[in-house]
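So this block is protein01.txt, compact mmCIF, C-alpha atoms and all ligand atoms:
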```txt
# COMPACT_ATOMS: atom_id res chain seq x y z
CA MET A 12 229.34 159.55 72.31
CA THR A 13 226.17 161.18 73.57
CA CYS A 14 226.46 163.93 76.10
CA LEU A 15 223.25 163.85 78.10
CA PRO A 16 222.14 167.20 79.49
CA THR A 17 223.79 167.67 82.84
CA ALA A 18 222.33 169.20 85.93
CA TYR A 19 224.77 172.05 85.39
CA GLY A 20 223.67 172.98 81.85
CA VAL A 21 227.20 172.88 80.48
CA ARG A 22 227.69 174.03 76.89
CA ILE A 23 230.38 175.60 74.73
CA LEU A 24 229.67 179.09 73.43
CA THR A 25 230.29 180.46 69.95
CA ALA A 26 231.60 183.99 70.15
CA PRO A 27 233.74 184.96 67.17
CA ASP A 28 234.92 188.40 68.31
CA ALA A 29 235.47 190.47 71.43
CA ASP A 30 232.04 192.14 71.12
CA ALA A 31 230.28 188.78 71.02
CA VAL A 32 232.31 187.60 74.01
CA ALA A 33 231.44 190.82 75.86
CA ARG A 34 227.73 190.18 75.30
CA GLU A 35 228.04 186.68 76.78
CA LEU A 36 229.99 187.97 79.75
CA ALA A 37 227.44 190.72 80.40
CA ARG A 38 224.70 188.06 80.56
CA THR A 39 226.39 186.47 83.56
CA GLY A 40 225.75 189.62 85.54
CA CYS A 41 229.44 190.17 86.20
CA ALA A 42 230.64 193.68 87.05
CA PRO A 43 230.29 195.97 84.00
CA GLU A 44 233.91 197.13 84.33
CA ASP A 45 235.01 193.50 84.02
CA VAL A 46 233.12 192.87 80.80
CA TYR A 47 235.46 194.61 78.36
CA ALA A 48 238.55 193.88 80.42
CA LEU A 49 237.78 190.17 80.16
CA ALA A 50 236.49 190.07 76.59
CA SER A 51 239.91 189.90 74.94
CA HIS A 52 240.63 186.76 77.00
CA GLY A 53 237.83 185.02 75.11
CA VAL A 54 239.13 185.46 71.57
CA TRP A 55 241.60 182.86 70.44
CA LEU A 56 244.20 183.87 67.83
CA LEU A 57 246.86 182.23 65.70
CA VAL A 58 249.16 185.03 64.54
CA ARG A 59 251.65 184.19 61.78
CA LEU A 60 254.82 186.20 61.14
CA GLU A 61 256.64 185.51 57.89
CA ARG A 62 259.94 187.21 58.51
CA ALA A 63 261.57 186.80 61.89
CA THR A 64 265.12 185.71 62.61
CA ILE A 65 265.63 182.79 64.95
CA ALA A 66 266.73 185.20 67.68
CA VAL A 67 263.57 187.29 67.30
CA ALA A 68 261.42 184.14 67.11
CA GLN A 69 262.88 183.00 70.44
CA GLN A 70 262.12 186.37 72.03
CA LEU A 71 258.57 186.23 70.70
CA ARG A 72 258.13 182.76 72.17
CA ARG A 73 259.49 183.89 75.52
CA ALA A 74 257.11 186.87 75.57
CA MET A 75 254.15 184.65 74.63
CA ARG A 76 255.01 182.10 77.31
CA ASP A 77 255.38 184.86 79.91
CA ALA A 78 251.88 185.99 78.94
CA GLY A 79 250.50 182.44 79.30
CA GLY A 80 250.43 181.70 75.55
CA GLU A 81 252.71 179.74 73.25
CA ALA A 82 254.58 180.09 69.96
CA ALA A 83 255.75 177.69 67.27
CA ILE A 84 259.16 178.72 65.97
CA PRO A 85 261.40 177.17 63.31
CA CYS A 86 264.23 174.80 64.33
CA ALA A 87 266.50 175.95 61.50
CA ALA A 88 267.32 179.42 60.20
CA ASP A 89 265.91 178.79 56.72
CA ALA A 90 262.58 177.34 57.89
CA GLY A 91 259.54 179.55 57.45
CA GLY A 92 257.52 181.67 59.79
CA VAL A 93 256.50 181.91 63.40
CA VAL A 94 253.02 181.26 64.77
CA LEU A 95 251.89 182.84 68.03
CA LEU A 96 249.11 180.97 69.83
CA GLY A 97 247.03 182.56 72.53
CA THR A 98 244.12 184.71 73.45
CA GLU A 99 243.91 188.23 72.09
CA ALA A 100 244.85 189.47 75.56
CA GLN A 101 247.95 187.25 75.67
CA VAL A 102 249.16 188.36 72.24
CA ARG A 103 248.66 192.02 73.23
CA GLN A 104 250.51 191.45 76.47
CA ALA A 105 253.43 189.81 74.64
CA ALA A 106 253.60 192.66 72.13
CA ALA A 107 253.48 195.23 74.92
CA ARG A 108 256.34 193.42 76.65
CA LEU A 109 258.50 193.55 73.49
CA ALA A 110 257.66 197.15 72.53
CA PRO A 111 260.19 198.97 74.79
CA ASP A 112 263.12 197.05 73.19
CA PRO A 113 264.28 199.21 70.24
CA ALA A 114 265.18 196.07 68.25
CA LEU A 115 261.66 194.65 68.69
CA ALA A 116 259.49 197.77 68.74
CA ALA A 117 258.69 197.56 65.02
CA ILE A 118 257.61 193.91 65.18
CA ALA A 119 255.51 194.58 68.31
CA SER A 120 253.79 197.48 66.60
CA ALA A 121 253.18 195.40 63.44
CA ILE A 122 251.47 192.72 65.55
CA MET A 123 249.28 195.29 67.33
CA LYS A 124 248.40 197.04 64.08
CA THR A 125 247.43 193.77 62.38
CA MET A 126 245.17 192.85 65.30
CA ARG A 127 243.46 196.25 65.12
CA CYS A 128 242.96 195.92 61.34
CA TYR A 129 241.57 192.40 61.67
CA ASP A 130 238.93 193.52 64.17
CA ALA A 131 238.06 196.85 62.62
CA ARG A 132 235.36 197.20 59.98
CA GLY A 133 235.06 200.79 59.06
CA GLY A 134 236.18 203.46 56.67
CA GLU A 135 234.85 203.80 53.18
CA LEU A 136 235.78 202.92 49.62
CA ARG A 137 235.85 206.09 47.53
CA CYS A 138 234.94 205.65 43.88
CA GLY A 139 235.04 209.17 42.44
CA PRO A 140 232.01 211.01 43.88
CA TYR A 141 230.60 207.77 45.35
CA ARG A 142 231.29 206.57 48.88
CA LEU A 143 230.80 202.97 49.95
CA PRO A 144 230.92 202.76 53.76
CA LEU A 145 232.53 199.49 54.80
CA GLY A 146 231.18 197.20 57.46
CA ALA A 147 227.53 198.20 57.48
CA LYS A 148 226.56 195.95 54.56
CA THR A 149 228.00 193.83 51.79
CA TRP A 150 228.19 195.67 48.47
CA VAL A 151 226.93 193.80 45.42
CA MET A 152 228.91 194.23 42.20
CA GLY A 153 226.92 193.24 39.09
CA ILE A 154 228.93 191.71 36.24
CA LEU A 155 228.37 193.23 32.82
CA ASN A 156 230.38 191.31 30.25
CA VAL A 157 230.54 193.09 26.90
CA THR A 158 232.20 190.05 25.41
CA PRO A 159 231.11 187.41 22.92
CA ASP A 160 232.71 184.51 24.82
CA SER A 161 232.47 184.79 28.63
CA PHE A 162 232.54 181.45 30.44
CA SER A 163 229.15 181.90 32.03
CA GLY A 164 227.41 182.53 28.72
CA ASP A 165 226.15 185.96 29.83
CA GLY A 166 228.32 188.07 27.49
CA ILE A 167 226.36 190.58 25.41
CA GLY A 168 229.01 191.67 22.91
CA GLY A 169 229.18 195.41 22.25
CA ASP A 170 225.40 195.98 22.13
CA ILE A 171 224.94 199.24 24.06
CA ASP A 172 221.18 198.99 24.37
CA ALA A 173 221.47 195.45 25.73
CA ALA A 174 224.09 196.68 28.20
CA LEU A 175 221.84 199.50 29.37
CA ARG A 176 218.90 197.12 29.78
CA GLN A 177 221.00 194.63 31.72
CA ALA A 178 222.47 197.39 33.89
CA GLU A 179 219.05 198.81 34.67
CA GLN A 180 217.77 195.38 35.62
CA MET A 181 220.77 194.66 37.84
CA LEU A 182 220.40 198.02 39.60
CA THR A 183 216.69 197.42 40.16
CA GLU A 184 217.51 193.99 41.57
CA GLY A 185 219.99 195.35 44.10
CA ALA A 186 223.40 195.87 42.47
CA ASP A 187 225.43 198.68 44.07
CA LEU A 188 228.24 198.78 41.50
CA LEU A 189 228.62 197.60 37.91
CA ASP A 190 231.75 195.89 36.59
CA VAL A 191 232.21 196.18 32.83
CA GLY A 192 234.58 193.73 31.15
CA GLY A 193 235.57 193.53 27.47
CA GLU A 194 237.84 190.48 27.57
CA SER A 195 237.02 187.05 28.89
CA THR A 196 239.64 185.83 31.36
CA ARG A 197 238.29 182.27 31.52
CA PRO A 198 240.94 179.52 31.61
CA GLY A 199 242.75 179.26 28.28
CA ALA A 200 241.35 182.57 26.96
CA ARG A 201 243.46 184.46 24.48
CA GLU A 202 244.24 188.13 24.86
CA VAL A 203 241.92 190.55 23.05
CA PRO A 204 243.79 193.34 21.18
CA VAL A 205 243.61 196.74 22.91
CA ALA A 206 241.72 198.35 20.01
CA GLU A 207 239.00 195.69 20.16
CA GLU A 208 238.67 195.89 23.95
CA LEU A 209 238.45 199.70 23.72
CA ARG A 210 235.75 199.38 21.08
CA ARG A 211 233.72 197.06 23.31
CA VAL A 212 234.17 198.81 26.65
CA THR A 213 234.37 202.58 26.15
CA PRO A 214 230.92 203.36 24.68
CA VAL A 215 229.22 201.10 27.23
CA VAL A 216 231.02 202.70 30.19
CA GLN A 217 230.15 206.12 28.84
CA ALA A 218 226.47 205.24 28.38
CA LEU A 219 226.25 203.69 31.86
CA ALA A 220 228.05 206.55 33.59
CA THR A 221 225.78 209.14 31.98
CA ARG A 222 222.63 207.26 32.87
CA PHE A 223 223.21 205.63 36.26
CA PRO A 224 224.50 207.34 39.42
CA VAL A 225 226.50 204.35 40.71
CA PRO A 226 230.19 203.44 40.69
CA ILE A 227 231.22 201.89 37.37
CA SER A 228 234.22 199.62 37.46
CA VAL A 229 236.27 198.55 34.45
CA ASP A 230 237.51 194.95 34.45
CA THR A 231 240.79 195.16 32.56
CA TYR A 232 244.51 194.63 33.01
CA LYS A 233 245.42 197.06 30.21
CA SER A 234 246.18 200.65 31.19
CA GLU A 235 244.96 202.05 27.86
CA VAL A 236 241.55 200.48 28.38
CA ALA A 237 241.48 201.65 32.00
CA ARG A 238 242.39 205.20 30.92
CA ALA A 239 239.63 205.34 28.30
CA ALA A 240 237.09 203.99 30.80
CA LEU A 241 238.19 206.44 33.52
CA ASP A 242 237.98 209.26 30.98
CA THR A 243 234.40 208.34 30.19
CA GLY A 244 233.09 207.90 33.75
CA ALA A 245 234.46 204.73 35.40
CA THR A 246 235.73 205.32 38.94
CA LEU A 247 237.13 201.92 39.87
CA VAL A 248 239.67 199.72 38.08
CA ASN A 249 239.33 195.96 38.56
CA ASP A 250 242.65 194.39 37.54
CA ILE A 251 242.83 190.57 37.60
CA SER A 252 246.64 190.82 37.42
CA GLY A 253 246.97 192.88 40.61
CA LEU A 254 248.61 195.76 38.66
CA ARG A 255 251.32 193.44 37.33
CA PHE A 256 250.61 192.72 33.66
CA ASP A 257 250.83 196.38 32.61
CA PRO A 258 253.45 198.49 34.39
CA ALA A 259 251.53 201.68 33.58
CA MET A 260 248.32 200.51 35.28
CA ALA A 261 249.00 201.75 38.84
CA ARG A 262 250.09 205.18 37.57
CA THR A 263 247.00 205.44 35.36
CA ALA A 264 244.60 204.63 38.20
CA ALA A 265 246.43 207.04 40.51
CA GLU A 266 246.23 209.83 37.96
CA TYR A 267 242.42 209.58 38.02
CA HIS A 268 242.25 209.10 41.82
CA ALA A 269 240.50 205.81 41.10
CA ALA A 270 240.10 202.99 43.58
CA VAL A 271 241.52 199.64 42.41
CA VAL A 272 240.72 195.98 42.92
CA VAL A 273 243.93 193.95 42.95
CA MET A 274 243.30 190.28 42.31
CA HIS A 275 245.66 187.35 42.83
CA ILE A 276 246.38 185.16 39.83
CA GLN A 277 248.99 182.46 39.31
CA GLY A 278 250.17 182.68 35.69
CA THR A 279 247.97 184.23 33.01
CA PRO A 280 244.41 183.35 31.95
CA ARG A 281 245.95 181.28 29.15
CA THR A 282 248.17 179.18 31.39
CA MET A 283 246.70 179.47 34.88
CA GLN A 284 244.79 176.18 35.01
CA LEU A 285 247.53 174.00 33.45
CA HIS A 286 249.40 173.15 36.67
CA PRO A 287 248.34 175.37 39.57
CA HIS A 288 250.62 174.67 42.51
CA TYR A 289 251.22 176.27 45.90
CA ASP A 290 253.55 175.33 48.74
CA ASP A 291 251.46 177.49 51.08
CA LEU A 292 248.32 178.88 49.45
CA MET A 293 247.31 181.69 51.82
CA THR A 294 250.87 182.83 52.50
CA GLU A 295 251.50 183.12 48.76
CA ILE A 296 248.20 184.89 48.06
CA CYS A 297 248.72 187.35 50.93
CA ALA A 298 252.32 188.10 49.90
CA SER A 299 251.29 188.71 46.31
CA LEU A 300 248.37 190.98 47.28
CA GLN A 301 250.67 192.96 49.56
CA GLU A 302 253.10 193.40 46.65
CA SER A 303 250.23 194.65 44.49
CA THR A 304 249.27 197.07 47.28
CA ALA A 305 252.87 198.30 47.39
CA LEU A 306 252.74 198.93 43.62
CA ALA A 307 249.54 200.94 44.11
CA MET A 308 250.98 202.92 47.00
CA ALA A 309 254.18 203.68 45.09
CA ALA A 310 251.99 205.23 42.39
CA GLY A 311 250.12 207.32 44.98
CA ILE A 312 246.97 205.25 45.62
CA PRO A 313 246.18 205.14 49.36
CA PRO A 314 246.07 201.55 50.68
CA GLU A 315 242.50 201.89 51.93
CA GLN A 316 241.47 202.44 48.29
CA VAL A 317 243.07 199.15 47.25
CA VAL A 318 240.57 196.30 47.41
CA LEU A 319 242.01 192.80 47.88
CA ASP A 320 240.66 189.82 45.92
CA PRO A 321 242.16 186.32 46.37
CA GLY A 322 241.20 185.36 42.79
CA PHE A 323 238.80 182.41 43.15
CA GLY A 324 239.38 180.24 40.05
CA PHE A 325 242.49 182.05 38.83
CA GLY A 326 245.36 179.54 38.85
CA LYS A 327 243.77 177.44 41.59
CA THR A 328 242.58 173.85 41.98
CA LEU A 329 239.14 173.10 43.42
CA GLU A 330 240.80 172.44 46.80
CA ASN A 331 242.68 175.76 46.58
CA ASN A 332 239.41 177.61 45.89
CA LEU A 333 237.66 175.99 48.83
CA GLU A 334 240.59 176.72 51.13
CA LEU A 335 240.78 180.38 50.17
CA LEU A 336 237.06 180.78 50.74
CA ARG A 337 237.33 179.08 54.15
CA ARG A 338 240.25 181.32 55.07
CA LEU A 339 239.08 184.56 53.43
CA ARG A 340 239.06 186.35 56.79
CA GLU A 341 242.88 186.25 56.84
CA LEU A 342 242.83 189.01 54.21
CA ARG A 343 241.27 191.30 56.81
CA SER A 344 244.66 191.39 58.56
CA PHE A 345 245.71 194.16 56.18
CA GLY A 346 242.88 196.60 56.94
CA GLN A 347 241.85 196.87 53.27
CA PRO A 348 238.44 196.13 51.74
CA VAL A 349 237.96 192.55 50.53
CA LEU A 350 236.18 191.44 47.33
CA ILE A 351 235.52 187.95 46.04
CA GLY A 352 234.14 186.64 42.76
CA THR A 353 232.89 183.07 42.99
CA SER A 354 229.86 183.55 40.76
CA ARG A 355 228.97 180.53 38.58
CA LYS A 356 232.60 179.39 38.57
CA SER A 357 233.58 175.88 37.53
CA SER A 358 234.53 174.75 41.06
CA ILE A 359 230.87 175.16 41.99
CA GLY A 360 229.84 173.17 38.92
CA LYS A 361 232.33 170.40 39.82
CA ILE A 362 231.04 170.01 43.38
CA LEU A 363 227.52 169.68 42.01
CA GLY A 364 228.36 166.91 39.54
CA ASP A 365 229.47 169.01 36.57
CA LEU A 366 226.50 171.34 36.38
CA PRO A 367 226.73 173.97 33.60
CA PRO A 368 227.17 177.70 34.50
CA GLU A 369 223.46 178.55 34.29
CA GLU A 370 222.72 175.83 36.89
CA ARG A 371 225.15 177.16 39.48
CA VAL A 372 222.98 179.79 41.19
CA GLU A 373 222.35 177.87 44.43
CA GLY A 374 226.01 176.87 44.62
CA THR A 375 226.98 180.48 44.11
CA ALA A 376 224.57 181.45 46.90
CA ALA A 377 226.37 179.12 49.31
CA THR A 378 229.74 180.68 48.46
CA VAL A 379 228.40 184.24 48.72
CA ALA A 380 226.89 183.58 52.16
CA LEU A 381 230.11 181.98 53.37
CA ALA A 382 232.25 184.77 51.90
CA ILE A 383 230.16 187.29 53.85
CA ALA A 384 230.50 185.24 57.02
CA HIS A 385 234.26 185.20 56.41
CA GLY A 386 234.66 188.95 55.99
CA ALA A 387 233.92 189.94 52.36
CA ASP A 388 232.94 193.58 51.77
CA ILE A 389 232.04 193.22 48.07
CA VAL A 390 230.73 190.22 46.13
CA ARG A 391 231.04 190.16 42.32
CA VAL A 392 228.04 188.30 40.87
CA HIS A 393 226.05 187.54 37.72
CA ASP A 394 222.71 186.69 39.37
CA VAL A 395 222.08 189.98 41.11
CA LYS A 396 218.49 189.43 42.22
CA ALA A 397 219.28 186.16 43.99
CA MET A 398 222.65 187.24 45.40
CA ALA A 399 221.41 190.62 46.68
CA ARG A 400 218.85 188.64 48.71
CA VAL A 401 221.49 186.18 49.88
CA ALA A 402 223.72 189.11 50.91
CA LYS A 403 220.90 190.81 52.77
CA VAL A 404 220.11 187.74 54.83
CA ALA A 405 223.78 186.89 55.41
CA ASP A 406 224.36 190.50 56.49
CA ALA A 407 221.46 190.29 58.91
CA VAL A 408 223.07 187.26 60.58
CA GLU A 409 226.65 188.45 60.37
CA ARG A 410 226.23 192.13 61.19
CA ASN A 411 223.43 191.98 63.79
CA TYR A 412 221.01 193.66 61.44
CA ALA A 413 217.82 194.99 63.01
CA GLU A 414 214.96 196.59 61.10
N1 LIG B 501 236.41 186.81 37.78
C1 LIG B 501 236.23 186.99 36.45
C2 LIG B 501 236.55 188.21 35.85
N2 LIG B 501 236.99 189.24 36.58
N3 LIG B 501 237.60 190.15 38.67
C3 LIG B 501 237.78 190.00 39.98
N4 LIG B 501 238.20 191.03 40.73
N5 LIG B 501 237.51 188.83 40.62
C4 LIG B 501 237.05 187.74 39.94
O1 LIG B 501 236.86 186.68 40.57
C5 LIG B 501 236.87 187.86 38.52
C6 LIG B 501 237.16 189.10 37.92
C7 LIG B 501 235.70 185.87 35.63
O2 LIG B 501 234.29 185.95 35.58
P1 LIG B 501 233.48 186.56 34.35
O3 LIG B 501 233.83 188.00 34.15
O4 LIG B 501 232.04 186.30 34.53
O5 LIG B 501 233.95 185.69 33.13
P2 LIG B 501 234.82 186.00 31.85
O6 LIG B 501 236.16 186.41 32.32
O7 LIG B 501 234.81 184.73 31.08
O8 LIG B 501 234.14 187.14 31.11
```

Render the structure in this file as structure tokens.
Amino acid sequence: MTCLPTAYGVRILTAPDADAVARELARTGCAPEDVYALASHGVWLLVRLERATIAVAQQLRRAMRDAGGEAAIPCAADAGGVVLLGTEAQVRQAAARLAPDPALAAIASAIMKTMRCYDARGGELRCGPYRLPLGAKTWVMGILNVTPDSFSGDGIGGDIDAALRQAEQMLTEGADLLDVGGESTRPGAREVPVAEELRRVTPVVQALATRFPVPISVDTYKSEVARAALDTGATLVNDISGLRFDPAMARTAAEYHAAVVVMHIQGTPRTMQLHPHYDDLMTEICASLQESTALAMAAGIPPEQVVLDPGFGFGKTLENNLELLRRLRELRSFGQPVLIGTSRKSSIGKILGDLPPEERVEGTAATVALAIAHGADIVRVHDVKAMARVAKVADAVERNYAE
């Protein structure tokens, strides 16, 4: 069907958040005091609640309907979740209506808090003496694999000079952080003994930390390796197990006041790609990342220093990876920084007709740009020069950059 231009110039606007809506409203010339009052009517939300009894679900639906919105609630007690449907203003109104009831005050405040977190982009990630303000730009994490067998073929073994050269090049090309890993976690990979991982990682972290004034992250799920790296200058721990494989990991990071990346994985690197299966991908990823955050908090790490990573390629099918990238913004509901590592991964190769890792730069660029559009704060990449450029342009579009 072709829609010929009408005499009225009718078109549908794209305005992803209240600020964008406000700009469109202001252009109409409506009263300035109306602009912000009306803006929250222009943002459509689907708000999911995992744990609500049938009685509470019915009250939520009543409150949403009273506000002009709707809610989907389960028919049976053991069915899962509630979804509120409405404009931002309607959801706020419903929450405000429930707040005075002592039995519903906590749920109303959780809804309001989640909406604030989802919209807000601020604060900073503290990595030792380094501060990464969040929201102003996307931070580029360069991957430095001191391994002999990384999937992308970029591993440089334990050669310290090669590591320093690669680090220097990545920093010149636009990396803001460096992530040093001493064990490949590619599908099917076997665990590297602690002593070997220590031997690979510690001297490199030490050399980098002495030479380069940037946050150094250690990519490990072993607390002994994390401790040695933190002792020698690392300020961020990147744990693909979300603090689960080693019960001492959260305590170790807390002891050094380190920030942590908690990543979602289903299974272990050895088993994760055998039969990945989810009943509800994003619900399961979010629940698991919130459990990892709880582990961090119990050890004394503040939640804003816990970076969430959905684990692209870790116990996921191609469809799962594409879905989590499409829905990355959901992770912003928790008010924590978001990282994603899609770089050169096999899903990209598959889409492009089984291209090998070194041919996946353009595919990676597409995922990095989309991740930024969907709310990523940090992108973990091999091809720093190309991806720093991609991030800069995507930031300019996404964050209203002006020179
Ligand atoms: N991916 C890899 C390793 N560590 N950490 C986080 N937080 N997120 C990721 O997506 C992630 C990660 C795998 O990539 P790479 O390090 O290049 O490969 P290998 O594990 O084979 O060394």

Nearby residues, (243.0, 180.4, 25.9) file frame, 12 Å, all atoms listed in the file, as a VMD selection string:
chain A and resid 160 to 162 194 to 203 279 to 285

Nearby residues, ligand LIG 501 (chain B), 8 Å, all atoms listed in the file, as a PDB file with C-alpha atoms, keeping the file's coordinate frame:
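Produced file out-v1.pdb, reproduced below:
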```pdb
ATOM      1  CA  ILE A 154     228.930 191.710  36.240  1.00  0.00           C
ATOM      2  CA  LEU A 155     228.370 193.230  32.820  1.00  0.00           C
ATOM      3  CA  ASN A 156     230.380 191.310  30.250  1.00  0.00           C
ATOM      4  CA  THR A 158     232.200 190.050  25.410  1.00  0.00           C
ATOM      5  CA  ASP A 160     232.710 184.510  24.820  1.00  0.00           C
ATOM      6  CA  SER A 161     232.470 184.790  28.630  1.00  0.00           C
ATOM      7  CA  PHE A 162     232.540 181.450  30.440  1.00  0.00           C
ATOM      8  CA  SER A 163     229.150 181.900  32.030  1.00  0.00           C
ATOM      9  CA  ASP A 165     226.150 185.960  29.830  1.00  0.00           C
ATOM     10  CA  GLY A 166     228.320 188.070  27.490  1.00  0.00           C
ATOM     11  CA  GLY A 192     234.580 193.730  31.150  1.00  0.00           C
ATOM     12  CA  GLY A 193     235.570 193.530  27.470  1.00  0.00           C
ATOM     13  CA  GLU A 194     237.840 190.480  27.570  1.00  0.00           C
ATOM     14  CA  SER A 195     237.020 187.050  28.890  1.00  0.00           C
ATOM     15  CA  THR A 196     239.640 185.830  31.360  1.00  0.00           C
ATOM     16  CA  ARG A 197     238.290 182.270  31.520  1.00  0.00           C
ATOM     17  CA  ASP A 230     237.510 194.950  34.450  1.00  0.00           C
ATOM     18  CA  ASN A 249     239.330 195.960  38.560  1.00  0.00           C
ATOM     19  CA  ASP A 250     242.650 194.390  37.540  1.00  0.00           C
ATOM     20  CA  ILE A 251     242.830 190.570  37.600  1.00  0.00           C
ATOM     21  CA  VAL A 272     240.720 195.980  42.920  1.00  0.00           C
ATOM     22  CA  VAL A 273     243.930 193.950  42.950  1.00  0.00           C
ATOM     23  CA  MET A 274     243.300 190.280  42.310  1.00  0.00           C
ATOM     24  CA  ASP A 320     240.660 189.820  45.920  1.00  0.00           C
ATOM     25  CA  PRO A 321     242.160 186.320  46.370  1.00  0.00           C
ATOM     26  CA  GLY A 322     241.200 185.360  42.790  1.00  0.00           C
ATOM     27  CA  PHE A 323     238.800 182.410  43.150  1.00  0.00           C
ATOM     28  CA  GLY A 324     239.380 180.240  40.050  1.00  0.00           C
ATOM     29  CA  PHE A 325     242.490 182.050  38.830  1.00  0.00           C
ATOM     30  CA  LEU A 350     236.180 191.440  47.330  1.00  0.00           C
ATOM     31  CA  ILE A 351     235.520 187.950  46.040  1.00  0.00           C
ATOM     32  CA  GLY A 352     234.140 186.640  42.760  1.00  0.00           C
ATOM     33  CA  THR A 353     232.890 183.070  42.990  1.00  0.00           C
ATOM     34  CA  SER A 354     229.860 183.550  40.760  1.00  0.00           C
ATOM     35  CA  ARG A 355     228.970 180.530  38.580  1.00  0.00           C
ATOM     36  CA  LYS A 356     232.600 179.390  38.570  1.00  0.00           C
ATOM     37  CA  ARG A 391     231.040 190.160  42.320  1.00  0.00           C
ATOM     38  CA  VAL A 392     228.040 188.300  40.870  1.00  0.00           C
ATOM     39  CA  HIS A 393     226.050 187.540  37.720  1.00  0.00           C
TER      40      HIS A 393
END
```

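The interatomic distance for the pair atom CA of Arg62 of chain A and atom CA of Gly278 of chain A works out to 25.2 Å.
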
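The space separating atom CA of Arg76 of chain A from atom CA of His52 of chain A comes to 15.1 Å.
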
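With all atoms listed in the file as the atoms that count, the residue of A:Tyr267, A:Trp55, A:Tyr289, A:Phe223 with the shortest distance to Ala237 of chain A is A:Tyr267.
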
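In this model, the gap between atom CA of Gly244 of chain A and atom CA of Gln217 of chain A comes to 6.0 Å.
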
Please list as a ChimeraX atom specification every residue within 9 Å of Met75 of chain A, counting all atoms listed in the file and excluding residues in the same chain fewer than 4 positions away.
/A:70-71,79-82,95-97,101-102,104-106

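For segment 115-129 of chain A, the non-local neighbours within 9 Å, defined as residues at least 5 positions apart in the same chain or in other chains and counting only C-alpha atoms, are Val58, Leu60, Ala63, Val67, Gln70, Glu99, Val102, Arg103, Ala105, Ala106, Ala107, Arg108, Leu109, Ala110, Arg340, Glu341, Leu342, Arg343, Ser344, Phe345, Gly346 and Gln347 of chain A.
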
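Nearest to Leu56 of chain A of all the residues A:Ala29, A:Asp394, A:Gly169, A:Arg137 is A:Ala29, counting all atoms listed in the file.
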
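Every polymer residue reaching to within 9 Å of (234.5, 203.3, 54.2), counting all atoms listed in the file, appears in this list: Arg132, Gly133, Gly134, Glu135, Leu136, Arg137, Arg142, Leu143, Pro144, Leu145, Gly146, Glu315 and Pro348 of chain A.
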
Can you list, as a list of chain:residue names, every protein, DNA or RNA residue that comes within 6 Å of Met152 of chain A when you count all atoms listed in the file, leaving out same-chain residues fewer than 3 positions away?
A:Ala186, A:Asp187, A:Leu188, A:Leu189, A:Val390, A:Arg391

Residue contacts of Ser357 of chain A (9 Å, only C-alpha atoms) excluding same-chain residues fewer than 6 positions away, as a count of residues only
7

Minimum-distance residue to Thr375 of chain A, chosen among A:Ala402, A:Ala264, A:Tyr232, A:Asp388 (using all atoms listed in the file)
A:Ala402

Fewer than 5 positions away in the same chain doesn't count, so skip those; otherwise give me all residues within 10 Å of Val248 of chain A, counting all atoms listed in the file, as a ChimeraX atom specification.
/A:138,190-191,227-232,234,236-238,240-241,254,260-261,263-264,269-273,317-318

Could the centre and edge lengths of an axis-aligned box, enclosing all atoms of segment 337-353 of chain A in the file with 5 Å extra on each side, be given in Å to one decimal as lines of an AutoDock Vina configuration file?
```
center_x = 239.3
center_y = 188.0
center_z = 50.7
size_x = 22.8
size_y = 27.8
size_z = 25.8
```

Export N, CA and C atoms of segment 119-127 of chain A from the structure just given, as a compact mmCIF listing (two decimals), in the first residue's frame?
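The result, stored in selection37.txt:
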```txt
# COMPACT_ATOMS: atom_id res chain seq x y z
N ALA A 119 5.06 -0.48 44.32
CA ALA A 119 4.92 0.81 43.63
C ALA A 119 6.28 1.50 43.57
N SER A 120 7.01 1.43 44.68
CA SER A 120 8.32 2.11 44.68
C SER A 120 9.31 1.37 43.77
N ALA A 121 9.21 0.04 43.69
CA ALA A 121 10.10 -0.71 42.78
C ALA A 121 9.82 -0.32 41.32
N ILE A 122 8.56 -0.12 40.98
CA ILE A 122 8.22 0.26 39.60
C ILE A 122 8.79 1.65 39.29
N MET A 123 8.60 2.59 40.24
CA MET A 123 9.09 3.96 40.02
C MET A 123 10.62 3.96 39.91
N LYS A 124 11.27 3.19 40.79
CA LYS A 124 12.73 3.18 40.80
C LYS A 124 13.26 2.61 39.47
N THR A 125 12.64 1.54 39.00
CA THR A 125 13.08 0.92 37.75
C THR A 125 12.93 1.90 36.59
N MET A 126 11.83 2.65 36.59
CA MET A 126 11.63 3.62 35.50
C MET A 126 12.69 4.73 35.55
N ARG A 127 13.03 5.14 36.77
CA ARG A 127 14.09 6.18 36.90
C ARG A 127 15.42 5.64 36.39
```
